[in-house]
Amino acid sequence: MLSISNLVVEEEIKNSFSIRFLEDKRYEQKSTYRLVYNRILLIESGAGEIIIDDQIFQISSSQLFLIAKGQFISFNSETKFTAYELSFGDCFWERTPSSANNCKAVLFNNASANQTIPLNHQNNIELISIFKSLWYEYQKEEYINQLDALAAYLKIIMIKIANVNHSLSKGFDSYENQTYAQFLELISKNYKTSREVADYAELLGISARKLTDLCKRCSNRGAKELINGQIIAEAKRALQFTSNPIKEIAFQFNFNTAEQFSHFFKKNAQVSPHEYRLLFLNIGN
C-alpha cells in the first residue's frame, strides 16, 4: 500500500479552471496525487506509463485521457510527453450550457469506462486546434465575460470528445443516451447507499430489466456491473491510500459487516480486501 505521505496535494485553481501546454514534460520519479478537478489530457506525442487508480496505461501519440475528480493518478519514471492539460471543477462546468450536460455525464461519471480514447488523424487535428485556441484565450489579460468564453470552448471540447467516444461504441438513440447519462449520475451520487438496480430504475421511472438492457446497449455492461464497478473503484482507493481498517471501510460503503464487504469485494475484484491491500504494500516496498 502506498503511504499517504507519498500523495501530492493539488493546488487550488483560480475559478476552478485551467489549461496548460506541457512541452516535453518529464517525470524523473513517481508521485501520486488525487485529483480535485476533472482532467482531460490531450497527448500530442510521448511515451511512458500513466497509472490511474490501479490501472496502467501506455502513453502514445494522438490519445486522450479522461480522469475524473477523486481518481488517483501517477506517472512512472522516465515518462515523457507533450500534451494539453485541461482541468475544471464542477462549479466551473455549471457555466456551460445545459445542452452539454449529457456529454459530461457519459464521459466522467463513469470515467473508468472511458479512461483513454484513441484519436484518428482528423479528430486529433481538430481537437488540437480547439485546445490551442482555448489555451490562447486563457492566457489573455482578464476581461469581462472571459470565463463564459472559456466555458463555451469547454462545451465544444466535451461535445467533440463525446462524439468521438460515441463513434467508437455501439450507437444508441438520444433518449437512451440521456437515460444512461442520468443513471451514471445517480450512481455517482448514491453508490454508498444503494447497490440495487431496482432502486435506480425506480428513480428513472423505468423497469429494472429495461435499465439493464439499455446499459448493455450503451456500454456493453449491465446496470449491476456498472453499480458494482463504481463501488469497487472507490473501495480500491480507500484500501490503497488510507490506513483505515477494513471494517471501517465496509461501514463507509454501507455494508453491515466486514465479512459481507469482503465477500462482495472478492466476488468483483477476484481478491480479498486484505490481499488487495497487501499487493500495494509490497509494491510500495
# chains A, B, ... in the order shown; residues from 1 in each chain; ligands from 1
$ residues_around --residues "Gln29 (chain A)" --least-positions-apart "5" --cutoff "12 Å" --atoms "only C-alpha atoms" --output "JSON, numbers by chain"
{"A": [6, 74, 75, 76, 77, 78, 79, 80]}
$ residues_around --residues "Leu203 (chain A)" --least-positions-apart "4" --cutoff "12 Å" --atoms "only C-alpha atoms" --output "MDAnalysis selection string"
chainID A and resid 179 182:183 185:187 190 194 196:199 207:208 211
$ residues_around --residues "region 50-58 of chain A" --least-positions-apart "3" --cutoff "12 Å" --atoms "only C-alpha atoms" --output "PyMOL selection string"
chain A and resi 1-2+27+30-35+39+41+43+45-47+61+63-81+111-118+232-241+269+276-277+279-280+283
$ closest_atom_pairs --of "region 6-27 of chain A" --to "region 133-136 of chain A" --cutoff "8 Å" --atoms "only C-alpha atoms" --output "tab-separated table"
residue	atom	partner	partner_atom	distance
A:Ile19	CA	A:Trp135	CA	6.0
A:Arg20	CA	A:Trp135	CA	6.9
A:Phe21	CA	A:Trp135	CA	7.6
$ atom_distance --atom1 "CA of Thr96 (chain A)" --atom2 "CA of Arg221 (chain A)"
29.5 Å
$ atom_distance --atom1 "CA of Val36 (chain A)" --atom2 "CA of Ile156 (chain A)"
22.6 Å
$ select_by_dssp --residues "region 41-259 of chain A" --states "helix (DSSP H, G or I)" --output "PyMOL selection string"
chain A and resi 90-93+98-108+111-114+121-139+146-168+174-190+197-204+208-219+223-241+246-252+258-259
$ select_by_dssp --residues "region 77-106 of chain A" --states "strand (DSSP E or B)" --output "list in words"
Thr79, Lys80, Phe81, Thr82, Ala83, Tyr84, Glu85, Leu86, Ser87 and Phe88 of chain A
$ closest_residue --among "A:Lys216, A:Lys224, A:Lys160, A:Lys247" --to "Asn123 (chain A)" --atoms "only C-alpha atoms"
A:Lys160
$ residues_around --residues "Ala151 (chain A)" --least-positions-apart "5" --cutoff "9 Å" --atoms "only C-alpha atoms" --output "MDAnalysis selection string"
chainID A and resid 92:97 146 156
$ atom_distance --atom1 "CA of Ser243 (chain A)" --atom2 "CA of Lys192 (chain A)"
19.3 Å
$ closest_residue --among "A:Leu226, A:Ile159, A:Ile13, A:Ile40" --to "Ser188 (chain A)" --atoms "only C-alpha atoms"
A:Leu226
$ closest_residue --among "A:Ala83, A:Ala181, A:Leu147, A:Ile161" --to "Arg26 (chain A)" --atoms "only C-alpha atoms"
A:Ala83
$ closest_residue --among "A:Ala223, A:Leu154, A:Val164, A:Cys218" --to "Asn120 (chain A)" --atoms "only C-alpha atoms"
A:Val164
$ residues_around --residues "Ile130 (chain A)" --least-positions-apart "4" --cutoff "8 Å" --atoms "only C-alpha atoms" --output "PyMOL selection string"
chain A and resi 126+134+153+157
$ write_last_selection --atoms "C-alpha atoms" --output "mmCIF file, in the first residue's frame"
data_model
loop_
_atom_site.group_PDB
_atom_site.id
_atom_site.type_symbol
_atom_site.label_atom_id
_atom_site.label_comp_id
_atom_site.auth_asym_id
_atom_site.auth_seq_id
_atom_site.Cartn_x
_atom_site.Cartn_y
_atom_site.Cartn_z
ATOM 1 C CA GLU A 126 -9.494 19.202 -34.811
ATOM 2 C CA LEU A 134 -8.637 27.759 -25.677
ATOM 3 C CA TYR A 153 -14.763 26.321 -25.511
ATOM 4 C CA ILE A 157 -14.453 20.172 -26.478
#
$ decode --residues "region 52-63 of chain A" --atoms "all heavy atoms" --output "compact mmCIF listing (two decimals), in the first residue's frame"
# COMPACT_ATOMS: atom_id res chain seq x y z
N ILE A 52 -3.75 5.17 -13.43
CA ILE A 52 -4.99 5.80 -12.96
C ILE A 52 -5.68 4.81 -12.04
O ILE A 52 -6.05 3.73 -12.46
CB ILE A 52 -5.89 6.20 -14.13
CG1 ILE A 52 -5.12 7.08 -15.12
CG2 ILE A 52 -7.14 6.93 -13.62
CD1 ILE A 52 -5.92 7.43 -16.36
N ASP A 53 -5.81 5.19 -10.76
CA ASP A 53 -6.21 4.25 -9.73
C ASP A 53 -5.23 3.07 -9.77
O ASP A 53 -4.06 3.26 -9.55
CB ASP A 53 -7.68 3.83 -9.90
CG ASP A 53 -8.63 5.00 -9.58
OD1 ASP A 53 -8.23 5.91 -8.83
OD2 ASP A 53 -9.75 5.02 -10.09
N ASP A 54 -5.65 1.87 -10.11
CA ASP A 54 -4.70 0.75 -10.15
C ASP A 54 -4.51 0.20 -11.56
O ASP A 54 -4.00 -0.89 -11.75
CB ASP A 54 -5.14 -0.36 -9.20
CG ASP A 54 -6.51 -0.92 -9.57
OD1 ASP A 54 -7.21 -0.27 -10.37
OD2 ASP A 54 -6.88 -1.99 -9.08
N GLN A 55 -4.92 0.99 -12.57
CA GLN A 55 -4.78 0.55 -13.95
C GLN A 55 -3.62 1.27 -14.63
O GLN A 55 -3.49 2.49 -14.52
CB GLN A 55 -6.08 0.83 -14.73
CG GLN A 55 -7.30 0.09 -14.19
CD GLN A 55 -7.17 -1.41 -14.33
OE1 GLN A 55 -6.84 -1.91 -15.41
NE2 GLN A 55 -7.42 -2.13 -13.25
N ILE A 56 -2.77 0.51 -15.33
CA ILE A 56 -1.63 1.07 -16.03
C ILE A 56 -1.98 1.23 -17.51
O ILE A 56 -2.48 0.31 -18.15
CB ILE A 56 -0.39 0.17 -15.90
CG1 ILE A 56 0.01 0.03 -14.42
CG2 ILE A 56 0.78 0.73 -16.70
CD1 ILE A 56 1.16 -0.93 -14.19
N PHE A 57 -1.73 2.44 -18.05
CA PHE A 57 -1.99 2.72 -19.45
C PHE A 57 -0.71 3.20 -20.12
O PHE A 57 0.04 4.00 -19.55
CB PHE A 57 -3.07 3.81 -19.60
CG PHE A 57 -4.40 3.45 -19.00
CD1 PHE A 57 -4.69 3.79 -17.68
CD2 PHE A 57 -5.36 2.79 -19.74
CE1 PHE A 57 -5.92 3.47 -17.11
CE2 PHE A 57 -6.59 2.47 -19.19
CZ PHE A 57 -6.87 2.80 -17.88
N GLN A 58 -0.48 2.72 -21.33
CA GLN A 58 0.66 3.17 -22.11
C GLN A 58 0.34 4.51 -22.75
O GLN A 58 -0.76 4.72 -23.27
CB GLN A 58 1.02 2.15 -23.20
CG GLN A 58 1.42 0.78 -22.67
CD GLN A 58 2.69 0.83 -21.84
OE1 GLN A 58 3.64 1.52 -22.19
NE2 GLN A 58 2.69 0.09 -20.73
N ILE A 59 1.30 5.42 -22.72
CA ILE A 59 1.14 6.73 -23.34
C ILE A 59 1.67 6.67 -24.76
O ILE A 59 2.75 6.16 -25.01
CB ILE A 59 1.89 7.81 -22.53
CG1 ILE A 59 1.19 8.02 -21.18
CG2 ILE A 59 1.96 9.12 -23.30
CD1 ILE A 59 1.92 8.98 -20.26
N SER A 60 0.87 7.20 -25.70
CA SER A 60 1.28 7.24 -27.10
C SER A 60 0.73 8.50 -27.74
O SER A 60 -0.05 9.25 -27.13
CB SER A 60 0.79 6.00 -27.85
OG SER A 60 -0.62 5.93 -27.82
N SER A 61 1.10 8.75 -28.97
CA SER A 61 0.65 9.95 -29.68
C SER A 61 -0.84 9.85 -30.01
O SER A 61 -1.41 8.76 -30.08
CB SER A 61 1.46 10.13 -30.96
OG SER A 61 2.84 10.22 -30.68
N SER A 62 -1.46 11.03 -30.20
CA SER A 62 -2.85 11.11 -30.64
C SER A 62 -3.78 10.32 -29.71
O SER A 62 -4.45 9.38 -30.11
CB SER A 62 -3.01 10.60 -32.08
OG SER A 62 -2.14 11.29 -32.94
N GLN A 63 -3.82 10.73 -28.45
CA GLN A 63 -4.54 9.98 -27.43
C GLN A 63 -5.13 10.93 -26.40
O GLN A 63 -4.54 11.96 -26.06
CB GLN A 63 -3.55 9.02 -26.76
CG GLN A 63 -4.11 8.08 -25.73
CD GLN A 63 -3.01 7.23 -25.12
OE1 GLN A 63 -1.83 7.63 -25.07
NE2 GLN A 63 -3.35 6.05 -24.65
